[in-house]
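entry_7.pdb, holding PDB, C-alpha atoms:
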ATOM      1  CA  MET E  11     -40.041  -3.328-134.962
ATOM      2  CA  PRO E  12     -41.434  -4.503-138.379
ATOM      3  CA  ILE E  13     -40.744  -8.131-137.399
ATOM      4  CA  VAL E  14     -42.863  -7.684-134.259
ATOM      5  CA  ARG E  15     -45.744  -6.337-136.368
ATOM      6  CA  ILE E  16     -45.483  -9.240-138.801
ATOM      7  CA  LEU E  17     -45.460 -11.766-135.960
ATOM      8  CA  LEU E  18     -48.426 -10.032-134.342
ATOM      9  CA  LEU E  19     -50.387 -10.124-137.629
ATOM     10  CA  LEU E  20     -49.548 -13.811-138.101
ATOM     11  CA  ALA E  21     -50.675 -14.573-134.554
ATOM     12  CA  LEU E  22     -53.952 -12.721-135.103
ATOM     13  CA  ALA E  23     -54.504 -14.480-138.419
ATOM     14  CA  ALA E  24     -54.055 -17.843-136.688
ATOM     15  CA  LEU E  25     -56.889 -16.950-134.303
ATOM     16  CA  GLN E  26     -59.395 -16.552-137.167
ATOM     17  CA  PRO E  27     -61.862 -19.447-137.340
ATOM     18  CA  ALA E  28     -61.437 -21.673-140.366
ATOM     19  CA  LEU E  29     -64.431 -21.635-142.668
ATOM     20  CA  ALA E  30     -65.365 -24.575-144.837
ATOM     21  CA  GLU E  31     -68.257 -25.549-147.016
ATOM     22  CA  THR E  32     -69.734 -29.031-147.044
ATOM     23  CA  LEU E  33     -70.603 -30.353-150.487
ATOM     24  CA  SER E  34     -73.044 -33.193-150.920
ATOM     25  CA  THR E  35     -72.278 -35.640-153.716
ATOM     26  CA  GLU E  36     -75.472 -37.644-153.221
ATOM     27  CA  THR E  37     -78.168 -37.238-155.830
ATOM     28  CA  GLY E  38     -81.748 -38.248-155.515
ATOM     29  CA  ASP E  39     -83.367 -39.899-152.528
ATOM     30  CA  PRO E  40     -80.925 -41.053-149.811
ATOM     31  CA  ALA E  41     -83.118 -44.092-149.288
ATOM     32  CA  ALA E  42     -82.281 -45.109-152.864
ATOM     33  CA  ALA E  43     -78.793 -46.098-151.671
ATOM     34  CA  SER E  44     -80.318 -49.318-150.331
ATOM     35  CA  ASP E  45     -81.616 -50.019-153.837
ATOM     36  CA  ARG E  46     -78.085 -50.276-155.224
ATOM     37  CA  PRO E  47     -75.471 -53.031-154.984
ATOM     38  CA  HIS E  48     -73.265 -52.872-151.906
ATOM     39  CA  ARG E  49     -69.465 -52.717-151.966
ATOM     40  CA  GLY E  50     -67.943 -56.190-152.026
ATOM     41  CA  SER E  51     -70.927 -57.913-153.668
ATOM     42  CA  SER E  52     -70.058 -60.323-156.460
ATOM     43  CA  MET E  53     -71.079 -59.922-160.094
ATOM     44  CA  ALA E  54     -73.264 -63.017-159.726
ATOM     45  CA  ALA E  55     -75.048 -61.530-156.690
ATOM     46  CA  VAL E  56     -75.634 -58.223-158.504
ATOM     47  CA  GLU E  57     -77.021 -59.960-161.577
ATOM     48  CA  SER E  58     -79.174 -62.232-159.424
ATOM     49  CA  ARG E  59     -80.685 -59.312-157.503
ATOM     50  CA  PHE E  60     -80.910 -56.621-160.225
ATOM     51  CA  GLY E  61     -81.105 -58.698-163.407
ATOM     52  CA  GLU E  62     -79.265 -58.305-166.689
ATOM     53  CA  PRO E  63     -77.593 -54.869-167.056
ATOM     54  CA  MET E  64     -78.506 -52.663-170.029
ATOM     55  CA  THR E  65     -74.811 -52.429-170.953
ATOM     56  CA  ARG E  66     -71.702 -54.347-169.944
ATOM     57  CA  HIS E  67     -68.487 -52.433-170.615
ATOM     58  CA  ALA E  68     -65.275 -54.356-171.197
ATOM     59  CA  ALA E  69     -62.705 -54.507-168.400
ATOM     60  CA  VAL E  70     -60.008 -51.820-168.499
ATOM     61  CA  GLY E  71     -56.654 -51.575-166.731
ATOM     62  CA  ASN E  72     -54.856 -53.601-164.114
ATOM     63  CA  PRO E  73     -56.555 -54.605-161.885
ATOM     64  CA  PRO E  74     -59.408 -54.939-164.364
ATOM     65  CA  ILE E  75     -62.257 -52.465-163.770
ATOM     66  CA  THR E  76     -65.617 -53.287-165.359
ATOM     67  CA  ARG E  77     -68.776 -51.177-165.514
ATOM     68  CA  TRP E  78     -72.351 -52.385-165.779
ATOM     69  CA  ASP E  79     -75.094 -49.873-166.531
ATOM     70  CA  TYR E  80     -78.612 -50.186-165.152
ATOM     71  CA  PRO E  81     -81.405 -47.601-165.671
ATOM     72  CA  GLN E  82     -80.993 -46.063-162.189
ATOM     73  CA  PHE E  83     -77.285 -46.640-161.481
ATOM     74  CA  SER E  84     -73.928 -47.823-162.803
ATOM     75  CA  VAL E  85     -71.903 -50.471-160.984
ATOM     76  CA  TYR E  86     -68.093 -50.499-161.037
ATOM     77  CA  PHE E  87     -66.352 -53.817-160.380
ATOM     78  CA  GLU E  88     -62.735 -54.626-159.603
ATOM     79  CA  ARG E  89     -62.314 -58.099-160.998
ATOM     80  CA  ASP E  90     -65.718 -59.532-159.941
ATOM     81  CA  LEU E  91     -66.430 -57.492-156.786
ATOM     82  CA  VAL E  92     -68.388 -54.218-156.526
ATOM     83  CA  LEU E  93     -66.257 -51.135-155.887
ATOM     84  CA  HIS E  94     -69.019 -48.510-156.242
ATOM     85  CA  ALA E  95     -72.589 -48.151-157.383
ATOM     86  CA  VAL E  96     -73.317 -44.640-158.650
ATOM     87  CA  LEU E  97     -76.761 -43.165-159.254
ATOM     88  CA  VAL E  98     -77.422 -42.057-162.828
ATOM     89  CA  ARG E  99     -78.086 -38.344-162.942
ATOM     90  CA  ASN E 100     -81.449 -37.411-164.407
ATOM     91  CA  PRO E 101     -80.731 -34.598-166.901
ATOM     92  CA  THR E 102     -84.314 -33.301-166.675
ATOM     93  CA  ALA E 103     -84.094 -32.838-162.886
ATOM     94  CA  GLY E 104     -82.618 -29.353-162.292
TER      95      GLY E 104
END

Please express what this file holds, its structure, as structure tokens.
Amino acid sequence: MPIVRILLLLALAALQPALAETLSTETGDPAAASDRPHRGSSMAAVESRFGEPMTRHAAVGNPPITRWDYPQFSVYFERDLVLHAVLVRNPTAG
């Protein structure tokens, strides 16, 4: 009889709806995404469009990953192609 109760409880638990929370990782204005380099762009294209970065960090690892910092975003390159462009968080904005 205890096995029947356990199976019944497991069956009832399976019927419960799953609850999940959606977390947004975007910061700032979603339209600002168009004002960042796109994945796959070359270093030359990024520099041509956005100018000289404030800081160029040396390549690290294999494959080499390089980071360029601009006032509004940082760009991560694998070899010479954009992997990601990440908005810089404004510490004064809540």

Name the closest residue to Arg99 in chain E among the candidates E:Leu18, E:Ile13, E:Pro81, E:Phe87; distances are taken between atoms, counting only C-alpha atoms. E:Pro81

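Using all atoms listed in the file for every distance, the candidate list E:Leu25, E:Ile16, E:Met64, E:Met53 yields E:Met53 as the residue closest to Glu88 in chain E.
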
Could you list, as number ranges by chain, every residue within 12 Å of Val56 in chain E, counting all atoms listed in the file and ignoring same-chain residues fewer than 6 positions away? E: 45-50, 62-63, 78-80, 84-87, 90-92, 94-95

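Taking only C-alpha atoms into account, Ala69 in chain E lies nearest to E:Arg89 out of the set E:Arg89, E:Val98, E:Gln82, E:Val14.
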
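The space separating CA of Ala54 in chain E from CA of Asn100 in chain E comes to 27.3 Å.
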
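When CA of Pro73 in chain E is paired with CA of Ser58 in chain E, their separation reads 24.0 Å.
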
Axis-aligned box for all listed atoms of range 61-66 of chain E, 5 Å per side, centre and edges in Å to one decimal, as AutoDock Vina command-line options:
--center_x -76.4 --center_y -55.6 --center_z -167.2 --size_x 19.4 --size_y 16.3 --size_z 17.5

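Relative to CA of His67 in chain E, CA of Ser52 in chain E is found at 16.3 Å.
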
Env of Ala68 in chain E: 10 Å cut, atoms = all atoms listed in the file, seq-sep filter 3 positions within chain, self excluded. Answer as an MDAnalysis selection string. chainID E and resid 65 74:78

Could you write out that same residue set with C-alpha atoms as an mmCIF file, keeping the file's coordinate frame?
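See again35.cif below for the written result:
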data_model
loop_
_atom_site.group_PDB
_atom_site.id
_atom_site.type_symbol
_atom_site.label_atom_id
_atom_site.label_comp_id
_atom_site.auth_asym_id
_atom_site.auth_seq_id
_atom_site.Cartn_x
_atom_site.Cartn_y
_atom_site.Cartn_z
ATOM 1 C CA THR E 65 -74.811 -52.429 -170.953
ATOM 2 C CA PRO E 74 -59.408 -54.939 -164.364
ATOM 3 C CA ILE E 75 -62.257 -52.465 -163.770
ATOM 4 C CA THR E 76 -65.617 -53.287 -165.359
ATOM 5 C CA ARG E 77 -68.776 -51.177 -165.514
ATOM 6 C CA TRP E 78 -72.351 -52.385 -165.779
#
